[in-house]
Every structure is written in C-alpha cells, then in structure tokens.
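What follows is one structure encoded as structure tokens, with my remarks underneath.
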Amino acid sequence: MTLENKNFHDAVNEFKGFLAEHGLQQPLLWAFREDVFSEKTNTYKTSFFVRLPLPNENEQIAQRHFETGKSKGFGMALTAYATCDEGLLVSFVVPTDREDSDYLMIWPNQIRYSFVQDMPLATVIRSSAKWIILKINPWYQSGNHFVYLESKKNLAVT
C-alpha cells in the first residue's frame, strides 16, 4: 500500500482491517522498547513482559514515528508483535537506509501490514515495584524478540 497521501489514522484503520481479516480484532497497544522486558537469551521463545497501563503519549510517539518514516521515503511496516489480555502490542518498523529497506522487503514509499505468527503472550506487569525488579535484574533486558522495536528516546527528537 502506498504511503502517498496517507496519514497516520488512515494507516491505522487499514491495519485494523488487515488484522480483522486474519481474526485479530483486539485493541492496538502502542508499545516501545521501554515498555517491555524479556529474558536475556538468543532464542525466540522467552518470557516476555509488558508494563500496563501504557503511557498516554505512546500513540502520539507512534504518530511521530510514522511521519518520520514517511519522510525518509524508504517505506515502513506496521506490525503486531505480541499479545496480552488487553490487546495487541504494535509498532512501526522504519528502515534506516535503502539497504535496510531491501533486507526487510519494505519497498520505497510503501507501507506493509504484518503480524508475528504464533505471537508471544506478554505477561502484564501493573506493579511499579515488580517493574523495577525487572529493570535491575541482570537476567532481563529492555525490549524483546522483536529486534526492530524502537526506543522512545530515538523518537524524542522531531
């Protein structure tokens, strides 16, 4: 799908339609690297945690990520990469350059919708104390198996 004349809300609505066609109709939860933790491992199967509720500004950051990706012209993907009882964890994948775009099979000025097959189920953490324990535990890392999950720090500068 072309990015020309497409705004964030159009892309999100199309993505919801794409997900519904595949039986995924949960609410979208915009989550970034700082919002999730996983075990430090090289394997795909890992314990995966998300802190809820997610910050209110996450959707605005996602919108800024969309606009940045659109302006780069390398294309982008909108991906559902995990699930929890409250919904689907989603994020944009924005290639850094043409080579990255080719590697990811994301075509210039196009948006690709996708979801991870056999999506991992995230354990929801609502306690600040439990979240801090994950942060200081050397066996866990920010982020997860979804290596293209962007950090909010990288998106802070517009």
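Residue numbering restarts at 1 for every chain of the structure tokens, chains are lettered A, B, ... in their displayed order, and ligands are numbered from 1 as they appear.
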
Give me, as a tab-separated table (two decimals) with N, CA and C atoms, in the first residue's frame, the residues of range 40-157 of chain A that a backbone DSSP run labels strand (DSSP E or B).
```tsv
chain	number	residue	atom	x	y	z
A	48	PHE	N	8.23	-12.86	28.37
A	48	PHE	CA	8.04	-11.53	27.81
A	48	PHE	C	7.06	-10.76	28.69
A	49	PHE	N	7.40	-9.54	29.06
A	49	PHE	CA	6.60	-8.74	29.99
A	49	PHE	C	6.28	-7.37	29.38
A	50	VAL	N	5.09	-6.86	29.67
A	50	VAL	CA	4.70	-5.52	29.26
A	50	VAL	C	4.15	-4.79	30.48
A	51	ARG	N	4.51	-3.54	30.61
A	51	ARG	CA	4.01	-2.73	31.73
A	51	ARG	C	2.75	-2.01	31.29
A	76	MET	N	7.83	1.55	5.19
A	76	MET	CA	7.74	1.13	6.59
A	76	MET	C	6.78	-0.04	6.71
A	77	ALA	N	6.81	-0.66	7.87
A	77	ALA	CA	5.86	-1.72	8.18
A	77	ALA	C	5.15	-1.37	9.47
A	78	LEU	N	3.93	-1.80	9.59
A	78	LEU	CA	3.17	-1.69	10.83
A	78	LEU	C	2.90	-3.12	11.25
A	79	THR	N	3.42	-3.49	12.43
A	79	THR	CA	3.45	-4.89	12.84
A	79	THR	C	2.86	-5.09	14.23
A	80	ALA	N	2.06	-6.14	14.36
A	80	ALA	CA	1.62	-6.62	15.68
A	80	ALA	C	2.61	-7.71	16.07
A	81	TYR	N	3.30	-7.54	17.19
A	81	TYR	CA	4.39	-8.44	17.53
A	81	TYR	C	4.18	-9.25	18.81
A	82	ALA	N	3.13	-8.96	19.57
A	82	ALA	CA	2.83	-9.72	20.78
A	82	ALA	C	1.38	-9.45	21.17
A	83	THR	N	0.89	-10.25	22.09
A	83	THR	CA	-0.48	-10.09	22.56
A	83	THR	C	-0.51	-10.18	24.08
A	84	CYS	N	-1.54	-9.59	24.65
A	84	CYS	CA	-1.82	-9.74	26.08
A	84	CYS	C	-3.34	-9.65	26.22
A	87	GLY	N	-4.89	-6.48	24.62
A	87	GLY	CA	-4.83	-6.18	23.19
A	87	GLY	C	-3.56	-6.67	22.52
A	88	LEU	N	-3.31	-6.11	21.34
A	88	LEU	CA	-2.13	-6.45	20.55
A	88	LEU	C	-1.07	-5.36	20.71
A	89	LEU	N	0.15	-5.77	20.97
A	89	LEU	CA	1.26	-4.82	21.03
A	89	LEU	C	1.73	-4.57	19.60
A	90	VAL	N	1.76	-3.31	19.21
A	90	VAL	CA	2.08	-2.95	17.83
A	90	VAL	C	3.13	-1.86	17.78
A	91	SER	N	3.81	-1.80	16.63
A	91	SER	CA	4.82	-0.77	16.41
A	91	SER	C	5.11	-0.65	14.92
A	92	PHE	N	5.67	0.49	14.54
A	92	PHE	CA	6.15	0.68	13.17
A	92	PHE	C	7.58	0.16	13.08
A	93	VAL	N	7.93	-0.35	11.92
A	93	VAL	CA	9.30	-0.70	11.58
A	93	VAL	C	9.70	0.26	10.47
A	110	GLN	N	6.12	2.68	0.50
A	110	GLN	CA	5.04	1.72	0.70
A	110	GLN	C	4.92	1.42	2.20
A	111	ILE	N	3.74	0.98	2.60
A	111	ILE	CA	3.55	0.51	3.97
A	111	ILE	C	3.08	-0.94	3.90
A	112	ARG	N	3.71	-1.78	4.70
A	112	ARG	CA	3.37	-3.19	4.75
A	112	ARG	C	2.76	-3.50	6.12
A	113	TYR	N	1.66	-4.21	6.13
A	113	TYR	CA	0.99	-4.61	7.36
A	113	TYR	C	1.34	-6.07	7.64
A	114	SER	N	1.66	-6.37	8.90
A	114	SER	CA	2.03	-7.74	9.23
A	114	SER	C	1.78	-8.03	10.71
A	115	PHE	N	1.87	-9.31	11.04
A	115	PHE	CA	1.80	-9.72	12.43
A	115	PHE	C	2.68	-10.95	12.59
A	121	LEU	N	2.71	-14.39	24.13
A	121	LEU	CA	1.77	-13.83	25.10
A	121	LEU	C	2.59	-13.09	26.15
A	123	THR	N	3.26	-11.25	29.62
A	123	THR	CA	2.78	-11.19	31.00
A	123	THR	C	2.64	-9.72	31.36
A	124	VAL	N	1.47	-9.34	31.84
A	124	VAL	CA	1.21	-7.95	32.19
A	124	VAL	C	1.75	-7.66	33.58
A	125	ILE	N	2.50	-6.57	33.70
A	125	ILE	CA	3.02	-6.09	34.98
A	125	ILE	C	2.33	-4.75	35.26
A	140	TYR	N	17.32	-9.98	32.67
A	140	TYR	CA	16.30	-9.42	31.80
A	140	TYR	C	16.83	-8.22	31.05
A	141	GLN	N	16.21	-7.93	29.92
A	141	GLN	CA	16.62	-6.79	29.10
A	141	GLN	C	15.39	-6.05	28.59
A	142	SER	N	15.57	-4.76	28.38
A	142	SER	CA	14.51	-3.97	27.78
A	142	SER	C	14.34	-4.41	26.33
```

*So which residues of chain A fall under alpha helix (DSSP H) by DSSP, listed as a PyMOL selection string?*
chain A and resi 8-21+58-72+98-103+128-136+152-155

*Which is closer to Val12 in chain A than all the others in A:Phe74, A:Phe66, A:Tyr148, A:Tyr103, using only C-alpha atoms?*
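Among A:Phe74, A:Phe66, A:Tyr148, A:Tyr103, it is A:Phe66 that comes nearest to Val12 in chain A.
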
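Each of A:Val147, A:Ala20, A:Val36, A:Leu29 was compared to Ala62 in chain A using only C-alpha atoms, and A:Leu29 turns out to be the nearest.
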
*Skip Glu59 in chain A itself and residues of its chain fewer than 4 positions away, then list as a list in words all residues within 9 Å of it, counting only C-alpha atoms.*
Leu29, Trp30, Ala31, Pro55, Gln63 and Arg64 of chain A

*Give the answer as one residue: which of A:Lys70, A:Lys16, A:Arg33, A:Lys40 has the shortest atom-to-atom distance to Glu4 in chain A, using only C-alpha atoms?*
A:Lys70

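With distances restricted to only C-alpha atoms, A:Gly69 is the closest residue to Phe8 in chain A from A:Pro138, A:Gly69, A:Pro120, A:Pro27.
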
*How far is it from CA of Val116 in chain A to CA of Trp131 in chain A, in Å with one decimal?*
25.1 Å

*May I have the residues within 10 Å of Arg98 in chain A as a ChimeraX atom specification, using only C-alpha atoms and disregarding those fewer than 4 positions away in the same chain?*
/A:72-75,102-104,106-108

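CA of Lys152 in chain A to CA of Ser38 in chain A spans 17.5 Å [interatomic distance, one decimal].
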
*Considering only C-alpha atoms, state which residue in the set A:Glu67, A:Asp118, A:Glu150, A:Glu99 is at the smallest distance from His9 in chain A.*
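Result for the nearest residue to His9 in chain A: A:Glu67.
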